[in-house]
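A.B. asks: What follows is the file entry_26.pdb, containing PDB, C-alpha atoms, pLDDT in the B column:
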```pdb
ATOM      1  CA  MET A   1      36.000 -31.422 -21.751  1.00 50.00           C
ATOM      2  CA  LYS A   2      36.667 -30.943 -18.016  1.00 48.00           C
ATOM      3  CA  ARG A   3      37.383 -27.282 -18.669  1.00 46.00           C
ATOM      4  CA  ARG A   4      34.027 -26.815 -20.412  1.00 45.00           C
ATOM      5  CA  ASN A   5      32.166 -28.554 -17.564  1.00 42.00           C
ATOM      6  CA  MET A   6      33.939 -26.371 -15.012  1.00 40.00           C
ATOM      7  CA  TYR A   7      33.019 -23.286 -17.039  1.00 38.00           C
ATOM      8  CA  MET A   8      29.345 -24.340 -17.153  1.00 42.00           C
ATOM      9  CA  LEU A   9      29.328 -25.163 -13.454  1.00 35.00           C
ATOM     10  CA  GLY A  10      30.860 -21.760 -12.694  1.00 37.00           C
ATOM     11  CA  MET A  11      28.254 -19.966 -14.844  1.00 38.00           C
ATOM     12  CA  VAL A  12      25.427 -21.831 -13.115  1.00 35.00           C
ATOM     13  CA  GLY A  13      26.927 -20.915  -9.727  1.00 36.00           C
ATOM     14  CA  ILE A  14      27.176 -17.229 -10.650  1.00 33.00           C
ATOM     15  CA  PHE A  15      23.621 -17.240 -12.000  1.00 36.00           C
ATOM     16  CA  MET A  16      22.307 -18.864  -8.804  1.00 35.00           C
ATOM     17  CA  LEU A  17      24.211 -16.389  -6.647  1.00 33.00           C
ATOM     18  CA  LEU A  18      22.830 -13.404  -8.566  1.00 35.00           C
ATOM     19  CA  PHE A  19      19.317 -14.830  -8.638  1.00 38.00           C
ATOM     20  CA  SER A  20      19.276 -15.640  -4.916  1.00 35.00           C
ATOM     21  CA  GLY A  21      20.601 -12.142  -4.141  1.00 38.00           C
ATOM     22  CA  ASN A  22      17.648 -10.597  -5.970  1.00 38.00           C
ATOM     23  CA  LEU A  23      15.231 -12.808  -4.076  1.00 32.00           C
ATOM     24  CA  LEU A  24      16.853 -11.812  -0.798  1.00 35.00           C
ATOM     25  CA  ALA A  25      16.691  -8.121  -1.658  1.00 46.00           C
ATOM     26  CA  GLN A  26      13.041  -8.420  -2.633  1.00 58.00           C
ATOM     27  CA  THR A  27      12.229 -10.252   0.586  1.00 83.00           C
ATOM     28  CA  GLU A  28      14.084  -7.643   2.667  1.00 88.00           C
ATOM     29  CA  GLU A  29      12.250  -4.856   0.845  1.00 90.00           C
ATOM     30  CA  GLN A  30       8.913  -6.581   1.423  1.00 91.00           C
ATOM     31  CA  GLN A  31       9.694  -7.114   5.107  1.00 93.00           C
ATOM     32  CA  GLU A  32      10.545  -3.433   5.489  1.00 95.00           C
ATOM     33  CA  LEU A  33       7.219  -2.507   3.877  1.00 95.00           C
ATOM     34  CA  ILE A  34       5.372  -4.913   6.202  1.00 96.00           C
ATOM     35  CA  ASN A  35       7.090  -3.390   9.245  1.00 96.00           C
ATOM     36  CA  ASP A  36       6.226   0.140   8.040  1.00 96.00           C
ATOM     37  CA  ALA A  37       2.592  -0.910   7.534  1.00 97.00           C
ATOM     38  CA  LYS A  38       2.390  -2.328  11.071  1.00 97.00           C
ATOM     39  CA  GLU A  39       3.882   0.887  12.473  1.00 97.00           C
ATOM     40  CA  SER A  40       1.354   2.900  10.461  1.00 96.00           C
ATOM     41  CA  LYS A  41      -1.516   0.845  11.879  1.00 96.00           C
ATOM     42  CA  ALA A  42      -0.254   1.634  15.391  1.00 96.00           C
ATOM     43  CA  ALA A  43      -0.031   5.346  14.466  1.00 94.00           C
ATOM     44  CA  PHE A  44      -3.634   5.348  13.161  1.00 92.00           C
ATOM     45  CA  ILE A  45      -4.824   3.765  16.425  1.00 93.00           C
ATOM     46  CA  GLU A  46      -2.742   6.136  18.549  1.00 92.00           C
ATOM     47  CA  GLN A  47      -4.228   9.191  16.830  1.00 88.00           C
ATOM     48  CA  GLN A  48      -7.772   7.774  16.632  1.00 89.00           C
ATOM     49  CA  PRO A  49      -8.379   5.035  19.249  1.00 90.00           C
ATOM     50  CA  GLU A  50     -11.690   4.003  17.622  1.00 88.00           C
ATOM     51  CA  MET A  51      -9.601   2.701  14.692  1.00 91.00           C
ATOM     52  CA  ALA A  52      -8.621  -0.370  16.763  1.00 93.00           C
ATOM     53  CA  GLY A  53     -12.226  -1.595  16.670  1.00 92.00           C
ATOM     54  CA  LEU A  54     -12.549  -0.842  12.966  1.00 92.00           C
ATOM     55  CA  PHE A  55      -9.394  -2.810  12.135  1.00 95.00           C
ATOM     56  CA  ASP A  56     -10.766  -5.708  14.212  1.00 93.00           C
ATOM     57  CA  LYS A  57     -14.199  -5.623  12.516  1.00 91.00           C
ATOM     58  CA  ALA A  58     -12.856  -5.288   8.977  1.00 94.00           C
ATOM     59  CA  GLU A  59     -12.862  -8.274   6.635  1.00 95.00           C
ATOM     60  CA  ALA A  60      -9.369  -7.115   5.633  1.00 96.00           C
ATOM     61  CA  TYR A  61      -7.385  -3.909   5.299  1.00 97.00           C
ATOM     62  CA  VAL A  62      -4.600  -2.522   3.149  1.00 97.00           C
ATOM     63  CA  ILE A  63      -2.153  -0.008   4.587  1.00 97.00           C
ATOM     64  CA  PHE A  64       0.019   2.304   2.488  1.00 96.00           C
ATOM     65  CA  PRO A  65       2.597   3.589   4.993  1.00 96.00           C
ATOM     66  CA  ASN A  66       4.365   6.066   2.697  1.00 94.00           C
ATOM     67  CA  VAL A  67       2.412   7.791  -0.053  1.00 92.00           C
ATOM     68  CA  GLY A  68       4.158  10.703  -1.743  1.00 87.00           C
ATOM     69  CA  LYS A  69       2.151  13.392  -3.507  1.00 87.00           C
ATOM     70  CA  GLY A  70       3.264  16.376  -5.546  1.00 85.00           C
ATOM     71  CA  ALA A  71       1.383  18.895  -7.643  1.00 83.00           C
ATOM     72  CA  TYR A  72       1.529  22.044  -9.657  1.00 83.00           C
ATOM     73  CA  ILE A  73      -1.900  22.191 -11.323  1.00 81.00           C
ATOM     74  CA  LEU A  74      -1.464  18.554 -12.415  1.00 83.00           C
ATOM     75  CA  GLY A  75      -0.776  16.283  -9.483  1.00 85.00           C
ATOM     76  CA  GLY A  76       0.143  12.720  -8.786  1.00 87.00           C
ATOM     77  CA  ALA A  77       0.726  10.378  -5.881  1.00 89.00           C
ATOM     78  CA  ALA A  78       2.181   6.915  -5.480  1.00 92.00           C
ATOM     79  CA  GLY A  79       2.845   4.400  -2.752  1.00 94.00           C
ATOM     80  CA  ASN A  80       3.141   0.705  -1.928  1.00 96.00           C
ATOM     81  CA  GLY A  81       1.046  -1.120   0.634  1.00 96.00           C
ATOM     82  CA  VAL A  82       0.344  -4.389   2.396  1.00 97.00           C
ATOM     83  CA  LEU A  83      -2.964  -6.275   2.487  1.00 97.00           C
ATOM     84  CA  PHE A  84      -3.824  -7.968   5.795  1.00 97.00           C
ATOM     85  CA  GLU A  85      -6.553 -10.574   6.350  1.00 95.00           C
ATOM     86  CA  ASN A  86      -7.169 -11.800   9.898  1.00 90.00           C
ATOM     87  CA  GLY A  87      -4.033  -9.903  10.920  1.00 89.00           C
ATOM     88  CA  LYS A  88      -1.825 -11.812   8.472  1.00 94.00           C
ATOM     89  CA  VAL A  89      -0.085 -10.519   5.357  1.00 96.00           C
ATOM     90  CA  VAL A  90      -1.705 -11.945   2.212  1.00 96.00           C
ATOM     91  CA  GLY A  91      -0.392  -9.616  -0.492  1.00 95.00           C
ATOM     92  CA  PHE A  92       0.968  -6.315  -1.687  1.00 96.00           C
ATOM     93  CA  ALA A  93      -0.619  -3.353  -3.458  1.00 95.00           C
ATOM     94  CA  GLU A  94       0.372  -0.271  -5.413  1.00 94.00           C
ATOM     95  CA  LEU A  95      -1.479   3.036  -5.216  1.00 92.00           C
ATOM     96  CA  ARG A  96      -1.400   5.532  -8.082  1.00 91.00           C
ATOM     97  CA  GLN A  97      -3.267   8.830  -8.119  1.00 88.00           C
ATOM     98  CA  VAL A  98      -3.686  11.521 -10.750  1.00 86.00           C
ATOM     99  CA  ASP A  99      -5.608  14.749 -10.280  1.00 82.00           C
ATOM    100  CA  ILE A 100      -5.983  18.162 -11.864  1.00 81.00           C
ATOM    101  CA  GLY A 101      -7.089  21.507 -10.484  1.00 80.00           C
ATOM    102  CA  LEU A 102      -5.897  24.402  -8.384  1.00 77.00           C
ATOM    103  CA  GLN A 103      -3.097  22.754  -6.419  1.00 78.00           C
ATOM    104  CA  ILE A 104       0.529  23.276  -5.516  1.00 82.00           C
ATOM    105  CA  GLY A 105       2.942  21.634  -3.103  1.00 85.00           C
ATOM    106  CA  GLY A 106       4.025  18.254  -1.945  1.00 85.00           C
ATOM    107  CA  GLN A 107       3.240  15.992   0.956  1.00 86.00           C
ATOM    108  CA  ALA A 108       3.692  12.538   2.390  1.00 87.00           C
ATOM    109  CA  PHE A 109       0.860  10.665   4.060  1.00 90.00           C
ATOM    110  CA  ARG A 110      -0.335   7.266   5.229  1.00 92.00           C
ATOM    111  CA  GLN A 111      -3.504   5.716   3.864  1.00 92.00           C
ATOM    112  CA  ALA A 112      -5.552   2.729   4.996  1.00 93.00           C
ATOM    113  CA  ILE A 113      -8.519   1.131   3.274  1.00 94.00           C
ATOM    114  CA  LEU A 114     -10.621  -1.124   5.474  1.00 94.00           C
ATOM    115  CA  PHE A 115     -12.892  -3.595   3.688  1.00 95.00           C
ATOM    116  CA  GLN A 116     -16.185  -4.340   5.420  1.00 93.00           C
ATOM    117  CA  THR A 117     -17.492  -7.012   3.069  1.00 93.00           C
ATOM    118  CA  PRO A 118     -16.000 -10.049   1.325  1.00 94.00           C
ATOM    119  CA  SER A 119     -17.344  -8.755  -2.010  1.00 93.00           C
ATOM    120  CA  GLU A 120     -15.520  -5.417  -1.703  1.00 92.00           C
ATOM    121  CA  LEU A 121     -12.332  -7.271  -0.751  1.00 94.00           C
ATOM    122  CA  ALA A 122     -12.761  -9.588  -3.754  1.00 94.00           C
ATOM    123  CA  LYS A 123     -13.025  -6.545  -6.075  1.00 92.00           C
ATOM    124  CA  PHE A 124      -9.755  -5.220  -4.670  1.00 93.00           C
ATOM    125  CA  LYS A 125      -8.001  -8.569  -5.070  1.00 93.00           C
ATOM    126  CA  LYS A 126      -9.030  -8.808  -8.731  1.00 91.00           C
ATOM    127  CA  GLY A 127      -6.710  -5.870  -9.343  1.00 81.00           C
ATOM    128  CA  ASP A 128      -7.370  -2.637 -11.205  1.00 73.00           C
ATOM    129  CA  TYR A 129      -9.411  -1.294  -8.244  1.00 84.00           C
ATOM    130  CA  LYS A 130     -10.302   2.403  -8.592  1.00 82.00           C
ATOM    131  CA  PHE A 131     -11.722   5.323  -6.625  1.00 73.00           C
ATOM    132  CA  SER A 132     -13.170   8.314  -8.405  1.00 65.00           C
ATOM    133  CA  GLY A 133     -13.263  11.896  -7.165  1.00 54.00           C
ATOM    134  CA  ASP A 134     -16.525  11.368  -5.267  1.00 48.00           C
ATOM    135  CA  VAL A 135     -15.012   8.943  -2.717  1.00 53.00           C
ATOM    136  CA  SER A 136     -14.366  10.577   0.623  1.00 56.00           C
ATOM    137  CA  ALA A 137     -11.608   9.742   3.063  1.00 63.00           C
ATOM    138  CA  VAL A 138     -11.366  10.756   6.697  1.00 67.00           C
ATOM    139  CA  ALA A 139      -8.151  12.650   7.418  1.00 71.00           C
ATOM    140  CA  ILE A 140      -6.824  11.851  10.878  1.00 70.00           C
ATOM    141  CA  GLU A 141      -4.875  14.738  12.378  1.00 66.00           C
ATOM    142  CA  LYS A 142      -3.350  15.072  15.823  1.00 64.00           C
ATOM    143  CA  GLY A 143      -5.766  16.670  18.262  1.00 54.00           C
ATOM    144  CA  LYS A 144      -8.733  16.626  15.875  1.00 58.00           C
ATOM    145  CA  SER A 145     -11.291  13.871  16.412  1.00 54.00           C
ATOM    146  CA  LYS A 146     -13.288  12.689  13.413  1.00 64.00           C
ATOM    147  CA  SER A 147     -15.572   9.695  13.178  1.00 71.00           C
ATOM    148  CA  VAL A 148     -14.548   6.949  10.764  1.00 78.00           C
ATOM    149  CA  GLU A 149     -17.387   4.910   9.275  1.00 79.00           C
ATOM    150  CA  PHE A 150     -17.827   2.309   6.564  1.00 80.00           C
ATOM    151  CA  SER A 151     -19.482   3.468   3.344  1.00 83.00           C
ATOM    152  CA  ASN A 152     -20.098   1.265   0.297  1.00 84.00           C
ATOM    153  CA  GLY A 153     -18.300  -1.623   2.002  1.00 87.00           C
ATOM    154  CA  ARG A 154     -15.118   0.263   2.834  1.00 88.00           C
ATOM    155  CA  ALA A 155     -13.641   2.957   5.053  1.00 88.00           C
ATOM    156  CA  ILE A 156     -10.729   5.114   3.883  1.00 88.00           C
ATOM    157  CA  VAL A 157      -8.480   7.007   6.266  1.00 89.00           C
ATOM    158  CA  THR A 158      -5.431   9.158   5.656  1.00 89.00           C
ATOM    159  CA  MET A 159      -2.895  10.660   8.018  1.00 89.00           C
ATOM    160  CA  PRO A 160      -0.494  13.434   6.999  1.00 86.00           C
ATOM    161  CA  LYS A 161       3.184  12.778   7.697  1.00 86.00           C
ATOM    162  CA  ALA A 162       5.027  15.780   6.253  1.00 79.00           C
ATOM    163  CA  GLY A 163       4.847  18.561   3.688  1.00 70.00           C
ATOM    164  CA  ALA A 164       2.345  21.203   2.721  1.00 64.00           C
ATOM    165  CA  MET A 165      -0.237  21.150  -0.002  1.00 57.00           C
ATOM    166  CA  VAL A 166      -2.951  23.532  -1.077  1.00 60.00           C
ATOM    167  CA  GLU A 167      -5.466  21.979  -3.405  1.00 56.00           C
ATOM    168  CA  LEU A 168      -8.893  22.117  -4.914  1.00 56.00           C
ATOM    169  CA  SER A 169      -8.736  19.313  -7.424  1.00 57.00           C
ATOM    170  CA  VAL A 170     -10.536  16.385  -9.000  1.00 63.00           C
ATOM    171  CA  GLY A 171      -8.954  13.036  -9.651  1.00 68.00           C
ATOM    172  CA  GLY A 172      -8.930   9.427  -8.675  1.00 78.00           C
ATOM    173  CA  GLN A 173      -6.859   6.616  -7.258  1.00 85.00           C
ATOM    174  CA  LYS A 174      -6.050   3.287  -8.877  1.00 87.00           C
ATOM    175  CA  PHE A 175      -4.778   0.206  -7.071  1.00 89.00           C
ATOM    176  CA  ASP A 176      -3.047  -2.914  -8.288  1.00 90.00           C
ATOM    177  CA  TYR A 177      -2.791  -6.046  -6.138  1.00 92.00           C
ATOM    178  CA  ARG A 178      -0.567  -9.101  -6.137  1.00 91.00           C
ATOM    179  CA  ALA A 179      -0.909 -12.014  -3.747  1.00 90.00           C
ATOM    180  CA  MET A 180       2.028 -12.987  -1.577  1.00 83.00           C
ATOM    181  CA  LYS A 181       4.020 -15.859  -3.032  1.00 75.00           C
TER
END
```
Write the structure described by the file as structure tokens, please.

C.D. replies:
Amino acid sequence: MKRRNMYMLGMVGIFMLLFSGNLLAQTEEQQELINDAKESKAAFIEQQPEMAGLFDKAEAYVIFPNVGKGAYILGGAAGNGVLFENGKVVGFAELRQVDIGLQIGGQAFRQAILFQTPSELAKFKKGDYKFSGDVSAVAIEKGKSKSVEFSNGRAIVTMPKAGAMVELSVGGQKFDYRAMK
């Protein structure tokens, strides 16, 4: 009987160790993403100083610090992001993009979506948020000044990080959101 109890206690211990390790890894991964998002915010502001005011005025914003995109006629992109409200992390998001057209190459970029209104933020938080091909984003590039403005309750900015891409395509982005636990 003692042997069986010891066996059960050992199994519970192993299970708890494995389970807590996964939680730790997930937390470390999330913290790394949060740090990358904060660094990306600083990079947006460094390249386009007017962004500081937009981040301050926004109801909330989601930053995707590392979006990877590749294409050969059919293209796709993906990245993970962090949603901030009042400067605090409230959740995490996934970006997925599919497009088709004359395109070839690969690139990495940052993307931020700033929400101007509580209703637009609420739509995002419901999950399954989408942009179609007619949504325009301002691309922030070193040495090139472009004005960033809110349209339809949001402002979208991107900043290239690396790679080269030639494209004339149509597609859309889809976002999923999960609140921080």

A.B. asks: List the residues matched by the PyMOL selection byres ((chain A and resi 109) around 12) in the displayed structure as a PyMOL selection string, ordered by chain and then by residue number.

C.D. replies: chain A and resi 40+43-44+63-70+77-80+106-108+110-112+139-141+157-165

A.B. asks: Enter the distance from CA of Phe131 (chain A) to CA of Lys174 (chain A), in Å, rounded to one decimal.

C.D. replies: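 CA of Lys174 (chain A) lies 6.4 Å from CA of Phe131 (chain A).
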
A.B. asks: Separation of CA of Glu85 (chain A) and CA of Leu121 (chain A), in Å?

C.D. replies: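 Straight-line distance from CA of Glu85 (chain A) to CA of Leu121 (chain A) works out to 9.7 Å.
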
A.B. asks: Could you name the residues that touch Ala93 (chain A) at 9 Å or less, counting only C-alpha atoms, but leaving out those on the same chain fewer than 6 positions away, as a list in words?

C.D. replies: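 The residues satisfying every condition are Val62, Ile63, Phe64, Gly79, Asn80, Gly81, Val82, Leu83, Gly127, Phe175, Asp176, Tyr177, Arg178 and Ala179 of chain A.
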
A.B. asks: Select, counting all atoms listed in the file, all protein, DNA and RNA residues no farther than 12 Å from (-9.0, -6.0, 6.7) in file coordinates, and express the selection as a PyMOL selection string.

C.D. replies: chain A and resi 41+51-63+82-91+112-118+120-122+124+153-156

A.B. asks: Since we have the selection now, will you write its residues out, keeping C-alpha atoms, as a PDB file, in the frame of the given file?

C.D. replies:
```pdb
ATOM      1  CA  LYS A  41      -1.516   0.845  11.879  1.00 96.00           C
ATOM      2  CA  MET A  51      -9.601   2.701  14.692  1.00 91.00           C
ATOM      3  CA  ALA A  52      -8.621  -0.370  16.763  1.00 93.00           C
ATOM      4  CA  GLY A  53     -12.226  -1.595  16.670  1.00 92.00           C
ATOM      5  CA  LEU A  54     -12.549  -0.842  12.966  1.00 92.00           C
ATOM      6  CA  PHE A  55      -9.394  -2.810  12.135  1.00 95.00           C
ATOM      7  CA  ASP A  56     -10.766  -5.708  14.212  1.00 93.00           C
ATOM      8  CA  LYS A  57     -14.199  -5.623  12.516  1.00 91.00           C
ATOM      9  CA  ALA A  58     -12.856  -5.288   8.977  1.00 94.00           C
ATOM     10  CA  GLU A  59     -12.862  -8.274   6.635  1.00 95.00           C
ATOM     11  CA  ALA A  60      -9.369  -7.115   5.633  1.00 96.00           C
ATOM     12  CA  TYR A  61      -7.385  -3.909   5.299  1.00 97.00           C
ATOM     13  CA  VAL A  62      -4.600  -2.522   3.149  1.00 97.00           C
ATOM     14  CA  ILE A  63      -2.153  -0.008   4.587  1.00 97.00           C
ATOM     15  CA  VAL A  82       0.344  -4.389   2.396  1.00 97.00           C
ATOM     16  CA  LEU A  83      -2.964  -6.275   2.487  1.00 97.00           C
ATOM     17  CA  PHE A  84      -3.824  -7.968   5.795  1.00 97.00           C
ATOM     18  CA  GLU A  85      -6.553 -10.574   6.350  1.00 95.00           C
ATOM     19  CA  ASN A  86      -7.169 -11.800   9.898  1.00 90.00           C
ATOM     20  CA  GLY A  87      -4.033  -9.903  10.920  1.00 89.00           C
ATOM     21  CA  LYS A  88      -1.825 -11.812   8.472  1.00 94.00           C
ATOM     22  CA  VAL A  89      -0.085 -10.519   5.357  1.00 96.00           C
ATOM     23  CA  VAL A  90      -1.705 -11.945   2.212  1.00 96.00           C
ATOM     24  CA  GLY A  91      -0.392  -9.616  -0.492  1.00 95.00           C
ATOM     25  CA  ALA A 112      -5.552   2.729   4.996  1.00 93.00           C
ATOM     26  CA  ILE A 113      -8.519   1.131   3.274  1.00 94.00           C
ATOM     27  CA  LEU A 114     -10.621  -1.124   5.474  1.00 94.00           C
ATOM     28  CA  PHE A 115     -12.892  -3.595   3.688  1.00 95.00           C
ATOM     29  CA  GLN A 116     -16.185  -4.340   5.420  1.00 93.00           C
ATOM     30  CA  THR A 117     -17.492  -7.012   3.069  1.00 93.00           C
ATOM     31  CA  PRO A 118     -16.000 -10.049   1.325  1.00 94.00           C
ATOM     32  CA  GLU A 120     -15.520  -5.417  -1.703  1.00 92.00           C
ATOM     33  CA  LEU A 121     -12.332  -7.271  -0.751  1.00 94.00           C
ATOM     34  CA  ALA A 122     -12.761  -9.588  -3.754  1.00 94.00           C
ATOM     35  CA  PHE A 124      -9.755  -5.220  -4.670  1.00 93.00           C
ATOM     36  CA  GLY A 153     -18.300  -1.623   2.002  1.00 87.00           C
ATOM     37  CA  ARG A 154     -15.118   0.263   2.834  1.00 88.00           C
ATOM     38  CA  ALA A 155     -13.641   2.957   5.053  1.00 88.00           C
ATOM     39  CA  ILE A 156     -10.729   5.114   3.883  1.00 88.00           C
TER      40      ILE A 156
END
```

A.B. asks: In Å, how far is it from CA of Gln173 (chain A) to CA of Val98 (chain A)?

C.D. replies: 6.8 Å

A.B. asks: Given 8 Å on each side, where is the centre and what are the edge lengths in Å to one decimal of the axis-aligned box enclosing the listed atoms of region 70-77 of chain A, as lines of an AutoDock Vina configuration file?

C.D. replies:
```
center_x = 0.7
center_y = 16.3
center_z = -9.0
size_x = 21.2
size_y = 27.8
size_z = 22.9
```

A.B. asks: Which residue is closest to Ile73 (chain A)? Choose from A:Asn152, A:Gln103, A:Ser119, A:Gln30 and count only C-alpha atoms.

C.D. replies: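 Between A:Asn152, A:Gln103, A:Ser119, A:Gln30, the residue approaching Ile73 (chain A) most closely is A:Gln103.
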
A.B. asks: I'd like to know which of A:Ala71, A:Gly172, A:Lys181, A:Glu32 is closest to Gln97 (chain A), using all atoms listed in the file.

C.D. replies: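 Looking only at the distances to Gln97 (chain A), the closest residue turns out to be A:Gly172.
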
A.B. asks: Write region 108-116 of chain A as a CSV table (one decimal), in the coordinates of the input, completed to all heavy atoms.

C.D. replies:
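result-v8.csv written:
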```
chain,number,residue,atom,x,y,z
A,108,ALA,N,3.6,14.0,2.2
A,108,ALA,CA,3.7,12.5,2.4
A,108,ALA,C,2.6,12.2,3.4
A,108,ALA,O,2.3,13.0,4.3
A,108,ALA,CB,5.1,12.1,3.0
A,109,PHE,N,1.9,11.1,3.2
A,109,PHE,CA,0.9,10.7,4.1
A,109,PHE,C,0.7,9.2,4.1
A,109,PHE,O,1.3,8.4,3.3
A,109,PHE,CB,-0.5,11.3,3.7
A,109,PHE,CG,-1.0,11.0,2.3
A,109,PHE,CD1,-1.8,9.9,2.1
A,109,PHE,CD2,-0.6,11.7,1.2
A,109,PHE,CE1,-2.3,9.6,0.8
A,109,PHE,CE2,-1.1,11.4,-0.1
A,109,PHE,CZ,-1.9,10.4,-0.3
A,110,ARG,N,0.0,8.7,5.1
A,110,ARG,CA,-0.3,7.3,5.2
A,110,ARG,C,-1.8,7.1,4.8
A,110,ARG,O,-2.6,8.0,5.0
A,110,ARG,CB,-0.3,6.8,6.7
A,110,ARG,CG,1.1,6.9,7.3
A,110,ARG,CD,1.0,6.5,8.8
A,110,ARG,NE,2.3,6.3,9.4
A,110,ARG,CZ,2.8,7.2,10.2
A,110,ARG,NH1,2.2,8.2,10.7
A,110,ARG,NH2,4.1,6.9,10.7
A,111,GLN,N,-2.1,6.0,4.2
A,111,GLN,CA,-3.5,5.7,3.9
A,111,GLN,C,-3.8,4.3,4.2
A,111,GLN,O,-3.0,3.4,4.0
A,111,GLN,CB,-3.7,6.0,2.4
A,111,GLN,CG,-5.2,5.7,2.0
A,111,GLN,CD,-5.5,6.3,0.6
A,111,GLN,OE1,-5.1,7.4,0.2
A,111,GLN,NE2,-6.2,5.5,-0.2
A,112,ALA,N,-5.0,4.1,4.7
A,112,ALA,CA,-5.6,2.7,5.0
A,112,ALA,C,-6.9,2.6,4.4
A,112,ALA,O,-7.7,3.5,4.5
A,112,ALA,CB,-5.6,2.5,6.5
A,113,ILE,N,-7.2,1.5,3.8
A,113,ILE,CA,-8.5,1.1,3.3
A,113,ILE,C,-9.0,-0.1,4.0
A,113,ILE,O,-8.3,-1.1,4.0
A,113,ILE,CB,-8.5,0.9,1.8
A,113,ILE,CG1,-7.9,2.0,1.0
A,113,ILE,CG2,-9.9,0.6,1.3
A,113,ILE,CD1,-7.6,1.7,-0.4
A,114,LEU,N,-10.1,0.0,4.7
A,114,LEU,CA,-10.6,-1.1,5.5
A,114,LEU,C,-11.8,-1.7,4.7
A,114,LEU,O,-12.7,-0.9,4.3
A,114,LEU,CB,-11.1,-0.7,6.9
A,114,LEU,CG,-9.9,-0.3,7.8
A,114,LEU,CD1,-9.5,1.2,7.5
A,114,LEU,CD2,-10.4,-0.4,9.2
A,115,PHE,N,-11.8,-3.0,4.5
A,115,PHE,CA,-12.9,-3.6,3.7
A,115,PHE,C,-13.9,-4.2,4.7
A,115,PHE,O,-13.5,-5.1,5.5
A,115,PHE,CB,-12.3,-4.6,2.7
A,115,PHE,CG,-11.3,-4.1,1.7
A,115,PHE,CD1,-10.0,-4.2,2.0
A,115,PHE,CD2,-11.8,-3.4,0.6
A,115,PHE,CE1,-9.1,-3.6,1.1
A,115,PHE,CE2,-10.9,-2.8,-0.3
A,115,PHE,CZ,-9.5,-2.9,-0.1
A,116,GLN,N,-15.1,-3.8,4.5
A,116,GLN,CA,-16.2,-4.3,5.4
A,116,GLN,C,-16.8,-5.6,4.9
A,116,GLN,O,-17.2,-6.5,5.7
A,116,GLN,CB,-17.3,-3.3,5.5
A,116,GLN,CG,-18.4,-3.6,6.5
A,116,GLN,CD,-19.4,-2.5,6.6
A,116,GLN,OE1,-19.7,-1.8,5.6
A,116,GLN,NE2,-20.0,-2.4,7.8
```
